[in-house]
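One file, target.txt, carrying compact mmCIF, C-alpha atoms:
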```txt
# COMPACT_ATOMS: atom_id res chain seq x y z
CA MET T 20 -4.59 8.71 14.91
CA LEU T 21 -2.64 8.13 11.69
CA ILE T 22 -0.58 5.04 12.40
CA HIS T 23 -2.09 1.61 12.93
CA ALA T 24 0.30 -1.02 11.62
CA GLY T 25 0.98 -4.57 12.63
CA SER T 26 3.69 -7.16 12.30
CA PRO T 27 3.84 -9.38 9.23
CA ARG T 28 2.16 -12.78 9.34
CA GLN T 29 1.46 -15.51 6.83
CA ALA T 30 -1.11 -14.46 4.24
CA ASP T 31 -2.43 -15.44 0.82
CA ALA T 32 -1.11 -12.26 -0.81
CA ILE T 33 0.67 -8.98 -0.24
CA LEU T 34 -1.08 -5.91 -1.62
CA VAL T 35 1.04 -2.83 -2.13
CA ILE T 36 -1.08 0.21 -2.89
CA GLY T 37 -0.06 3.12 -5.07
CA GLY T 38 0.95 6.65 -4.29
CA ASP T 39 4.56 6.09 -3.27
CA PHE T 40 6.99 7.39 -5.84
CA THR T 41 10.14 6.61 -3.84
CA GLY T 42 9.84 2.82 -4.08
CA GLU T 43 9.69 2.20 -0.32
CA ARG T 44 6.29 0.47 -0.44
CA ILE T 45 7.16 -1.92 -3.25
CA LEU T 46 10.55 -2.75 -1.73
CA GLU T 47 8.89 -3.57 1.60
CA ALA T 48 6.33 -5.79 -0.17
CA ALA T 49 9.05 -7.51 -2.20
CA GLU T 50 11.08 -8.20 0.92
CA LEU T 51 8.04 -9.63 2.72
CA ALA T 52 7.49 -11.98 -0.23
CA ARG T 53 11.18 -12.95 -0.23
CA GLU T 54 10.85 -13.77 3.49
CA GLY T 55 7.96 -16.11 2.65
CA TYR T 56 4.99 -14.24 4.14
CA ALA T 57 2.91 -14.70 0.96
CA PRO T 58 3.40 -16.29 -2.46
CA VAL T 59 2.44 -13.24 -4.50
CA VAL T 60 2.69 -9.45 -4.40
CA VAL T 61 -0.23 -7.62 -5.99
CA MET T 62 0.76 -4.15 -7.16
CA SER T 63 -1.99 -1.61 -7.34
CA GLY T 64 -1.89 1.96 -8.44
CA GLY T 65 -4.11 4.56 -9.80
CA GLY T 66 -2.51 6.24 -12.68
CA SER T 67 0.37 7.16 -14.84
CA VAL T 68 3.52 9.18 -14.56
CA TYR T 69 4.68 10.60 -17.89
CA GLY T 70 2.63 7.99 -19.72
CA PHE T 71 3.81 4.99 -17.68
CA HIS T 72 1.44 3.25 -15.30
CA GLU T 73 2.68 3.26 -11.73
CA THR T 74 2.73 -0.55 -11.57
CA ASP T 75 4.92 -0.78 -14.69
CA LEU T 76 7.45 1.51 -13.05
CA GLU T 77 7.28 -0.53 -9.84
CA LEU T 78 7.94 -3.76 -11.71
CA GLU T 79 11.01 -2.34 -13.39
CA PHE T 80 12.18 -0.86 -10.08
CA ILE T 81 12.01 -4.15 -8.16
CA HIS T 82 13.62 -6.01 -11.05
CA ASP T 83 16.52 -3.53 -10.86
CA HIS T 84 16.76 -4.31 -7.13
CA GLY T 85 17.10 -8.05 -7.74
CA TYR T 86 13.59 -9.31 -7.00
CA VAL T 87 12.03 -12.05 -9.14
CA SER T 88 9.22 -10.56 -11.20
CA GLN T 89 7.18 -13.80 -11.45
CA THR T 90 5.83 -13.26 -7.93
CA PHE T 91 4.40 -9.84 -8.83
CA LEU T 92 0.99 -9.14 -10.38
CA ARG T 93 -0.15 -5.75 -11.60
CA ILE T 94 -3.65 -4.30 -11.37
CA ARG T 95 -4.11 -1.29 -13.63
CA TYR T 96 -6.96 1.18 -13.39
CA PRO T 97 -7.51 4.91 -13.05
CA ALA T 98 -7.93 5.67 -9.33
CA GLN T 99 -7.87 9.02 -7.60
CA ASN T 100 -7.60 7.90 -3.99
CA THR T 101 -7.48 5.02 -1.49
CA VAL T 102 -11.23 4.41 -1.71
CA ASP T 103 -10.95 4.00 -5.49
CA GLU T 104 -8.07 1.58 -4.98
CA ALA T 105 -10.07 -0.53 -2.53
CA GLU T 106 -13.01 -0.63 -4.95
CA HIS T 107 -10.73 -2.04 -7.65
CA ASP T 108 -8.37 -4.17 -5.57
CA LEU T 109 -10.80 -6.03 -3.32
CA PRO T 110 -12.77 -7.73 -6.12
CA GLU T 111 -9.45 -8.75 -7.70
CA LEU T 112 -8.25 -10.26 -4.42
CA ARG T 113 -11.52 -12.18 -4.13
CA ARG T 114 -11.21 -13.39 -7.72
CA MET T 115 -7.75 -14.70 -6.82
CA GLY T 116 -9.20 -16.64 -3.88
CA VAL T 117 -7.44 -14.49 -1.27
CA HIS T 118 -8.79 -14.77 2.29
CA SER T 119 -6.01 -12.88 4.06
CA TYR T 120 -3.50 -10.31 2.88
CA LEU T 121 -0.84 -7.90 4.02
CA LEU T 122 -1.56 -4.31 3.00
CA VAL T 123 1.68 -2.36 2.55
CA THR T 124 1.63 1.43 2.68
CA SER T 125 3.45 4.40 4.20
CA PRO T 126 3.37 4.84 8.00
CA ALA T 127 1.14 7.93 8.01
CA HIS T 128 -1.32 6.15 5.72
CA THR T 129 -1.69 2.91 7.68
CA ALA T 130 -4.70 3.76 9.86
CA ARG T 131 -6.81 5.27 7.08
CA ALA T 132 -5.88 2.65 4.49
CA GLY T 133 -6.71 -0.11 6.96
CA ARG T 134 -10.12 1.43 7.70
CA VAL T 135 -10.92 1.87 4.00
CA PHE T 136 -9.96 -1.69 3.06
CA ARG T 137 -11.68 -3.26 6.10
CA ARG T 138 -14.83 -1.28 5.35
CA GLY T 139 -14.79 -2.55 1.77
CA ALA T 140 -14.22 -6.21 2.70
CA PRO T 141 -14.83 -6.98 6.37
CA ASP T 142 -14.75 -10.69 5.52
CA LEU T 143 -11.11 -10.63 4.38
CA GLY T 144 -8.31 -10.70 6.92
CA VAL T 145 -5.97 -7.75 6.51
CA THR T 146 -2.81 -6.83 8.35
CA VAL T 147 -1.50 -3.36 7.57
CA ILE T 148 2.28 -3.10 7.26
CA ALA T 149 4.15 0.21 7.37
CA CYS T 150 7.08 0.58 5.01
CA PRO T 151 10.06 2.80 5.79
CA ASP T 152 9.47 6.46 4.96
CA GLN T 153 12.24 9.04 4.95
CA LYS T 154 9.77 11.89 5.47
CA TRP T 155 8.37 10.22 8.58
CA VAL T 156 11.84 10.16 10.20
CA GLY T 157 11.26 6.97 12.17
CA GLY T 158 8.04 8.32 13.70
CA ARG T 159 9.45 11.77 14.35
CA TRP T 160 7.46 13.43 11.56
CA TRP T 161 7.78 16.85 13.20
CA ALA T 162 11.56 16.77 12.67
CA SER T 163 11.33 17.61 8.97
CA ARG T 164 9.30 20.04 6.92
CA GLU T 165 8.23 17.23 4.57
CA GLY T 166 7.13 15.13 7.55
CA ARG T 167 5.02 17.98 8.93
CA LYS T 168 3.38 18.45 5.52
CA GLU T 169 2.70 14.72 5.26
CA TRP T 170 1.14 14.73 8.74
CA LEU T 171 -1.11 17.67 7.85
CA LEU T 172 -2.23 16.19 4.53
CA GLU T 173 -2.93 12.75 5.99
CA SER T 174 -4.78 14.30 8.95
CA ALA T 175 -7.04 16.19 6.53
CA LYS T 176 -7.64 13.02 4.49
CA THR T 177 -8.46 11.11 7.68
CA ILE T 178 -11.08 13.69 8.67
CA ALA T 179 -12.49 13.61 5.13
CA ASP T 180 -12.73 9.82 5.31
CA TRP T 181 -14.53 9.95 8.67
CA LEU T 182 -17.03 12.36 7.06
CA ARG T 183 -17.17 10.13 3.92
CA LEU T 184 -16.16 13.05 1.69
```

Represent the structure contained in this file as structure tokens.
Amino acid sequence: MLIHAGSPRQADAILVIGGDFTGERILEAAELAREGYAPVVVMSGGGSVYGFHETDLELEFIHDHGYVSQTFLRIRYPAQNTVDEAEHDLPELRRMGVHSYLLVTSPAHTARAGRVFRRGAPDLGVTVIACPDQKWVGGRWWASREGRKEWLLESAKTIADWLRL
């Protein structure tokens, strides 16, 4: 119900959406770019942490991990959720001439994020990629308290999305 991820394939861009404050999403996106799956990583995110926009922190983080910052573009806006992100990101991808993209997010978020982004742009090809997630414990979310909480929260968000709340 929560996980629907694919394998990477060639695309016009890699879109890494916000909400991950461990760096796993951006590192996965950076590695996919390094492996040649797309020429650019588009970093999206909805807000700020202590006055710094999430994408600014991501850019510094990947630079510290040895990735070349020229292949990374930031989209800044105030978003509250995945639907807000799709409403801001999809027009930007279209403006860039993107026809296919890899959408990088956390494992528990893959199914819902894929539905939201496909609903917003059914004409664009999207492959959802799951990044590593320590809370998800390699798919054994029930093995940790944080994993169980993540499962519960994402399950509630999935139901809310189905009801369009």

Checklist entry - Of the candidates T:Ile36, T:Val61, T:Cys150, T:Ala52, which one gets nearest to Thr101 of chain T if we count only C-alpha atoms? => result T:Ile36

Item to check | Which residue of T:Leu184, T:Val117, T:Ala127, T:Ala132 approaches Gly157 of chain T most closely, using all atoms listed in the file | outcome: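 Closest candidate: T:Ala127.
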
Neighbours of Ile22 of chain T within 8 Å (all atoms listed in the file; same-chain residues fewer than 5 positions away dropped), as a compact mmCIF listing (two decimals) with C-alpha atoms, in the frame of the given file?
```txt
# COMPACT_ATOMS: atom_id res chain seq x y z
CA PRO T 126 3.37 4.84 8.00
CA ALA T 127 1.14 7.93 8.01
CA HIS T 128 -1.32 6.15 5.72
CA THR T 129 -1.69 2.91 7.68
CA ALA T 130 -4.70 3.76 9.86
```

Next on the checklist: When you count only C-alpha atoms, which of these residues is closest to Arg113 of chain T: T:Ala30, T:Met62, T:Val35, T:Leu143?
Outcome noted: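 Looking only at the distances to Arg113 of chain T, the closest residue turns out to be T:Leu143.
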
Next on the checklist: as a list in words, please: the residues near Ala179 of chain T (cut-off 12 Å, all atoms listed in the file, same-chain neighbours under 5 positions excluded).
Outcome noted: Asn100, Thr101, Val102, Arg131, Val135, Leu172, Glu173, Ser174 and Leu184 of chain T

Checklist entry - Of the residues T:Val60, T:Trp170, T:Arg134, T:Ala24, which is the one nearest to Met115 of chain T, using all atoms listed in the file? => result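 Going through T:Val60, T:Trp170, T:Arg134, T:Ala24 one by one, the smallest distance to Met115 of chain T is for T:Val60.
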
Item to check | Option closest in space to Thr74 of chain T, from T:Pro151, T:Leu51, T:Ala57, T:Ile45 [counting only C-alpha atoms] | outcome: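 Answer, going by the shortest atom-to-atom distance: T:Ile45.
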
Checklist entry - In Å, how far is it from atom CA of Gly166 of chain T to atom CA of Gly38 of chain T? => result 15.8 Å

Axis-aligned box over every listed atom of segment 103-113 of chain T, padded by 5 Å per side: centre and edges in Å to one decimal, as JSON?
```
{"center_x": -10.5, "center_y": -4.1, "center_z": -5.1, "size_x": 14.9, "size_y": 26.2, "size_z": 15.2}
```

Checklist entry - Nearest to Ser125 of chain T among T:Leu109, T:Leu182, T:Ala140, T:Ala149, with distances taken over only C-alpha atoms: which residue is it? => result T:Ala149

Item to check | Between atom CA of Arg95 of chain T and atom CA of Gly65 of chain T - distance in Å to one decimal | outcome: 7.0 Å

Checklist entry - Which value, in Å to one decimal, gives the distance between atom CA of His118 of chain T and atom CA of Gly85 of chain T? => result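 We find that atom CA of His118 of chain T and atom CA of Gly85 of chain T lie 28.6 Å from each other.
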
Checklist entry - Mind listing as a list in words all residues within 7 Å of (0.2, -10.4, -1.8), counting only C-alpha atoms? => result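 All residues meeting the 7 Å criterion around (0.2, -10.4, -1.8) are Asp31, Ala32, Ile33, Leu34, Ala57, Pro58, Val59, Val60, Val61, Tyr120 and Leu121 of chain T.
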
Generate the output file for the selected residues, C-alpha atoms, as a compact mmCIF listing (two decimals), keeping the file's coordinate frame.
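What landed in out30.txt:
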```txt
# COMPACT_ATOMS: atom_id res chain seq x y z
CA ASP T 31 -2.43 -15.44 0.82
CA ALA T 32 -1.11 -12.26 -0.81
CA ILE T 33 0.67 -8.98 -0.24
CA LEU T 34 -1.08 -5.91 -1.62
CA ALA T 57 2.91 -14.70 0.96
CA PRO T 58 3.40 -16.29 -2.46
CA VAL T 59 2.44 -13.24 -4.50
CA VAL T 60 2.69 -9.45 -4.40
CA VAL T 61 -0.23 -7.62 -5.99
CA TYR T 120 -3.50 -10.31 2.88
CA LEU T 121 -0.84 -7.90 4.02
```

Item to check | Contact residues around Gly42 of chain T with all atoms listed in the file at 8 Å, ignoring same-chain residues under 4 positions, as an MDAnalysis selection string | outcome: chainID T and resid 46 77 80
